[in-house]
Amino acid sequence: MKKKLRFSLFFLLLLLMEGSMQAQNAQKPFDIDLWQQGMPNTNGMDSAPFDESKGNFKPSIRVFLPAPELATGRVIIACPGGSYSHLAYNHEGYDWAPFFNKQGIALVVLKYRMPKGGHKEVPFSDAEEALRMVRDSADVWNINPNDVGIMGSSAGGHLASTMATHTSPELRPNFQILFYPVITMDKSTHMGSHDNLLGKDASAELEEQYSNEKQVTKDTPRAFIVYSDDDKTVPPANGVNYYLALNKKGVPATLHVYPSGGHGWGIHEDFINLMLDELSAWLRSFKAPRKDVIRVACIGNSITYGSRLKNRERDAYPAVLGRMLGDGYWVKNFGIGSRTILNKGDHPYMKEQKYKDALAFNPNIVVIKLGTNDSKPHNWVHKNEFTKDMQAMIDAFGGLAVHPKIYLCCPSKSYDNYGISDKTIVNEIIPMIKKLAKKNKLSVIDLHTAMDGVPELFPDKVHPNEKGAEIMAKAVYEIVKE
């Protein structure tokens, strides 16, 4: 009887252990073809029957989802390398799935078409379609569309960094992981990748356009970059220059150069454990906005941007507002210095790329704080068009699918400098803004009253200091949270 009982308990324990192990197991991977309605371009050979031995790859993705109880919502799209002529999709793709899945991160491995000597748009469009498909599948795959990374090895690293530096805001990945990546496309690079992507006779202009260290902006996503010092195929200088460009633009980036390892190690070399620890730590070092986050777009001029502040990323009013609102909100600063609402002004906001970026952000809340620079005499000669132009901006944001709540701000108090006229702001611009708000049934945030009577907070009489930006943020916060 005791023996039977011991056996039963042992059997029960095995069942429990098996169940626990199964609970940690990732879901079965599955494949999805890209371009099911037809490919938008061609490399001249991308049609059935596909023959991978000849570099004729069917554009598709293989999806590795983690166990549901581990899923964090984060996903990484892997672009394997292969000199833009073939794909090392096993050790630079599929073999990475267990590492990421154990951390609750989904992995999507991209099989992209080859450019075949200059059809650069072919692999680029495949990578963009993969980014689009992953975000469109967010609800089905339990993925956070605000936490989509891209990973690339060797030439795949060039493809990944191209997505990070060249794609539109709505497609741009949120972070990038680059293993021994080709970055530059000048004559010092891996010439096989260069010739296959751009063609042997590529112009200097084309080489510069796709030398991604030259295309970094402050909106380029954060990066984790890894090389071996003895890499004779892709010089580590590729990554060093990319890191320096990211650093110069204030983009968070990490660069690791290991003493040995050569090129193309994927996930199969002895030193990999150290690198994996570094990568895991880096992935834990930042947090993406929640899937259900409320997106807030702050539209404005240099005051919104945070000009004259020592640390505008921390102290500009949108940054302060973000901390006040908390994790449930994602506040982005779309301020640009000197901009006007007037399309005939000297620097019209609506003609800027940042305006398009703000619309692409698809905000749930829009805070418009423009008008200060419109008060300058050479701009205000077009005052008869102020109402029409602001209405156009209201209509553009109001026409978004999310139907955002729009707030109009009375411009901040100005103590008259740089040609800005507070008299014009008070007597003409603010009444126009209030009239527009009433017509469109919008709330008004009175920043002028909030900032009146405190000239000591305006070192140059126009731009508030850190304390002034905090007062502005509080005024916006109180109205938004009503």
# chains A, B, ... in the order shown; residues from 1 in each chain; ligands from 1
$ residues_around --residues "range 121-127 of chain A" --least-positions-apart "4" --cutoff "10 Å" --atoms "only C-alpha atoms" --output "PyMOL selection string"
chain A and resi 34-35+39-43+46+59-61+77-79+84+110-116+131-133+150+156+159-160+162-163+166-167+171+197-198
$ write_last_selection --atoms "N, CA and C atoms" --output "CSV table (one decimal), in the first residue's frame"
chain,number,residue,atom,x,y,z
A,34,LEU,N,3.9,37.3,-47.1
A,34,LEU,CA,3.7,38.7,-47.3
A,34,LEU,C,3.1,38.9,-48.7
A,35,TRP,N,2.5,40.0,-48.9
A,35,TRP,CA,2.0,40.4,-50.2
A,35,TRP,C,1.0,39.3,-50.8
A,39,MET,N,2.7,41.3,-55.1
A,39,MET,CA,3.9,42.1,-54.7
A,39,MET,C,3.9,43.4,-55.4
A,40,PRO,N,4.3,44.5,-54.7
A,40,PRO,CA,4.3,45.9,-55.3
A,40,PRO,C,5.4,46.2,-56.2
A,41,ASN,N,6.5,45.3,-56.2
A,41,ASN,CA,7.6,45.5,-57.1
A,41,ASN,C,8.3,44.2,-57.3
A,42,THR,N,9.4,44.2,-58.1
A,42,THR,CA,10.0,42.9,-58.5
A,42,THR,C,11.5,43.1,-58.6
A,43,ASN,N,12.2,42.0,-58.4
A,43,ASN,CA,13.6,42.0,-58.7
A,43,ASN,C,13.9,41.2,-60.0
A,46,ASP,N,11.3,37.0,-58.8
A,46,ASP,CA,10.6,36.7,-57.6
A,46,ASP,C,9.2,36.1,-57.9
A,59,PRO,N,8.8,36.0,-50.1
A,59,PRO,CA,8.7,36.9,-49.0
A,59,PRO,C,7.6,36.5,-48.0
A,60,SER,N,8.1,36.2,-46.8
A,60,SER,CA,7.2,35.7,-45.7
A,60,SER,C,7.8,35.9,-44.4
A,61,ILE,N,7.0,35.6,-43.3
A,61,ILE,CA,7.5,35.7,-42.0
A,61,ILE,C,7.2,34.4,-41.2
A,77,ILE,N,11.5,41.8,-34.8
A,77,ILE,CA,11.5,41.3,-36.2
A,77,ILE,C,12.9,41.1,-36.6
A,78,ALA,N,13.3,39.8,-37.0
A,78,ALA,CA,14.7,39.5,-37.3
A,78,ALA,C,14.9,39.5,-38.8
A,79,CYS,N,16.0,40.3,-39.2
A,79,CYS,CA,16.4,40.3,-40.6
A,79,CYS,C,17.7,39.6,-40.8
A,84,TYR,N,22.9,40.5,-49.0
A,84,TYR,CA,21.8,40.9,-49.9
A,84,TYR,C,21.8,39.9,-51.1
A,110,LEU,N,12.0,37.3,-40.7
A,110,LEU,CA,11.6,37.8,-42.1
A,110,LEU,C,12.5,37.1,-43.1
A,111,LYS,N,11.8,36.5,-44.1
A,111,LYS,CA,12.5,36.1,-45.3
A,111,LYS,C,12.1,37.2,-46.4
A,112,TYR,N,13.2,37.9,-46.7
A,112,TYR,CA,12.9,39.0,-47.7
A,112,TYR,C,13.6,38.7,-49.0
A,113,ARG,N,13.1,39.4,-50.1
A,113,ARG,CA,13.6,39.1,-51.4
A,113,ARG,C,14.9,39.9,-51.6
A,114,MET,N,15.7,39.4,-52.5
A,114,MET,CA,17.0,40.0,-52.7
A,114,MET,C,16.9,41.1,-53.8
A,115,PRO,N,17.8,42.1,-53.7
A,115,PRO,CA,17.7,43.2,-54.6
A,115,PRO,C,18.2,42.9,-56.0
A,116,LYS,N,19.0,41.9,-56.1
A,116,LYS,CA,19.5,41.4,-57.4
A,116,LYS,C,20.2,42.5,-58.2
A,131,LEU,N,6.8,45.0,-40.8
A,131,LEU,CA,6.5,45.9,-39.7
A,131,LEU,C,5.0,46.2,-39.6
A,132,ARG,N,4.4,46.4,-40.8
A,132,ARG,CA,3.0,46.7,-40.9
A,132,ARG,C,2.2,45.6,-40.4
A,133,MET,N,2.5,44.4,-40.9
A,133,MET,CA,1.7,43.2,-40.6
A,133,MET,C,1.8,42.9,-39.1
A,150,ILE,N,13.4,45.9,-34.2
A,150,ILE,CA,13.9,45.2,-35.4
A,150,ILE,C,15.3,44.8,-35.1
A,156,GLY,N,21.7,42.1,-43.1
A,156,GLY,CA,20.4,42.2,-42.5
A,156,GLY,C,20.4,43.4,-41.5
A,159,LEU,N,19.7,46.4,-43.5
A,159,LEU,CA,18.2,46.5,-43.7
A,159,LEU,C,17.5,47.0,-42.5
A,160,ALA,N,17.9,46.4,-41.3
A,160,ALA,CA,17.2,46.9,-40.0
A,160,ALA,C,17.5,48.3,-39.7
A,162,THR,N,18.2,50.6,-41.9
A,162,THR,CA,17.5,51.4,-42.9
A,162,THR,C,16.0,51.6,-42.4
A,163,MET,N,15.4,50.5,-41.9
A,163,MET,CA,14.1,50.7,-41.3
A,163,MET,C,14.1,51.7,-40.2
A,166,HIS,N,14.9,55.3,-42.2
A,166,HIS,CA,14.3,55.8,-43.4
A,166,HIS,C,12.8,55.7,-43.4
A,167,THR,N,12.2,54.9,-42.6
A,167,THR,CA,10.8,54.6,-42.7
A,167,THR,C,9.9,55.8,-42.1
A,171,LEU,N,5.5,53.4,-39.2
A,171,LEU,CA,6.1,52.1,-39.5
A,171,LEU,C,7.4,51.9,-38.7
A,197,LEU,N,23.0,45.6,-53.4
A,197,LEU,CA,21.9,46.4,-53.0
A,197,LEU,C,21.7,47.6,-54.0
A,198,LEU,N,22.8,48.3,-54.2
A,198,LEU,CA,22.8,49.6,-55.0
A,198,LEU,C,23.3,49.4,-56.4
$ residues_around --residues "range 397-412 of chain A" --least-positions-apart "3" --cutoff "7 Å" --atoms "only C-alpha atoms" --output "short mmCIF file (atom, residue, chain, number, x, y, z; two decimals) with C-alpha atoms, in the first residue's frame"
data_model
loop_
_atom_site.label_atom_id
_atom_site.label_comp_id
_atom_site.auth_asym_id
_atom_site.auth_seq_id
_atom_site.Cartn_x
_atom_site.Cartn_y
_atom_site.Cartn_z
CA LEU A 359 -0.73 63.35 -37.45
CA ASN A 362 -2.56 59.22 -34.25
CA PRO A 363 -3.01 61.06 -30.94
CA ASN A 364 -5.97 60.69 -28.62
CA ILE A 365 -5.37 64.19 -27.24
CA VAL A 366 -3.97 67.20 -29.11
CA VAL A 367 -2.74 70.34 -27.36
CA ILE A 368 -2.19 73.19 -29.85
CA LYS A 369 -0.09 76.08 -28.60
CA LEU A 370 0.68 78.36 -31.53
CA GLY A 371 0.23 82.07 -32.17
CA THR A 372 3.19 83.66 -30.43
CA MET A 393 -5.18 72.29 -38.41
CA ILE A 394 -8.21 71.55 -36.22
CA ILE A 430 -6.51 85.20 -28.15
CA ILE A 433 -8.58 81.38 -30.69
CA ALA A 437 -12.83 77.04 -29.75
CA LEU A 442 -13.22 72.80 -27.96
CA SER A 443 -11.73 73.50 -24.55
CA VAL A 444 -9.35 76.43 -24.07
CA ILE A 445 -6.21 76.31 -21.92
CA ASP A 446 -5.35 79.83 -20.83
CA LEU A 447 -1.56 79.82 -20.66
CA HIS A 448 -1.44 83.60 -20.97
CA MET A 451 2.17 83.00 -17.07
#
$ select_by_dssp --residues "range 167-349 of chain A" --states "alpha helix (DSSP H)" --output "PyMOL selection string"
chain A and resi 191-198+204-209+237-248+272-284+302-305+312-315+317-325
$ residues_around --residues "Asn142 in chain A" --least-positions-apart "5" --cutoff "10 Å" --atoms "only C-alpha atoms" --output "PDB file with C-alpha atoms, in the first residue's frame"
ATOM      1  CA  LEU A  65       5.077  33.526 -29.956  1.00  0.00           C
ATOM      2  CA  PRO A  66       6.009  32.974 -26.302  1.00  0.00           C
ATOM      3  CA  PRO A  68       0.781  33.254 -23.120  1.00  0.00           C
ATOM      4  CA  ALA A  71       4.117  37.245 -22.965  1.00  0.00           C
ATOM      5  CA  THR A  72       5.247  40.824 -22.322  1.00  0.00           C
ATOM      6  CA  GLY A  73       3.812  42.262 -25.540  1.00  0.00           C
ATOM      7  CA  ARG A  74       7.287  42.964 -26.914  1.00  0.00           C
ATOM      8  CA  VAL A  75       8.167  41.619 -30.367  1.00  0.00           C
ATOM      9  CA  ALA A 106       7.829  37.242 -29.588  1.00  0.00           C
ATOM     10  CA  SER A 137      -1.798  41.669 -35.853  1.00  0.00           C
ATOM     11  CA  LYS A 291      -0.685  48.944 -25.430  1.00  0.00           C
TER      12      LYS A 291
END
$ select_by_dssp --residues "range 385-436 of chain A" --states "strand (DSSP E)" --output "JSON, numbers by chain"
{"A": [405, 406, 407, 408, 409, 410]}
$ write_last_selection --atoms "C-alpha atoms" --output "JSON list (two decimals), in the first residue's frame"
[["chain", "number", "residue", "atom", "x", "y", "z"],
["A", 405, "LYS", "CA", -9.92, 65.55, -28.08],
["A", 406, "ILE", "CA", -8.39, 68.87, -29.14],
["A", 407, "TYR", "CA", -7.39, 71.68, -26.81],
["A", 408, "LEU", "CA", -6.52, 75.20, -27.98],
["A", 409, "CYS", "CA", -4.06, 77.16, -25.87],
["A", 410, "CYS", "CA", -3.99, 80.90, -25.48]]
$ atom_distance --atom1 "CA of Lys200 in chain A" --atom2 "CA of Ile183 in chain A"
17.2 Å
$ atom_distance --atom1 "CA of Lys58 in chain A" --atom2 "CA of Pro221 in chain A"
28.6 Å
$ atom_distance --atom1 "CA of Asn343 in chain A" --atom2 "CA of Glu385 in chain A"
8.2 Å
$ residues_around --residues "Val251 in chain A" --least-positions-apart "2" --cutoff "9 Å" --atoms "only C-alpha atoms" --output "ChimeraX atom specification"
/A:217-223,245-249,253
$ closest_residue --among "A:Ala358, A:Val108, A:Ala88, A:Ile425" --to "Ile267 in chain A" --atoms "only C-alpha atoms"
A:Ala88
$ closest_residue --among "A:Lys438, A:Lys354, A:Lys120, A:His194" --to "Gln391 in chain A" --atoms "only C-alpha atoms"
A:Lys438
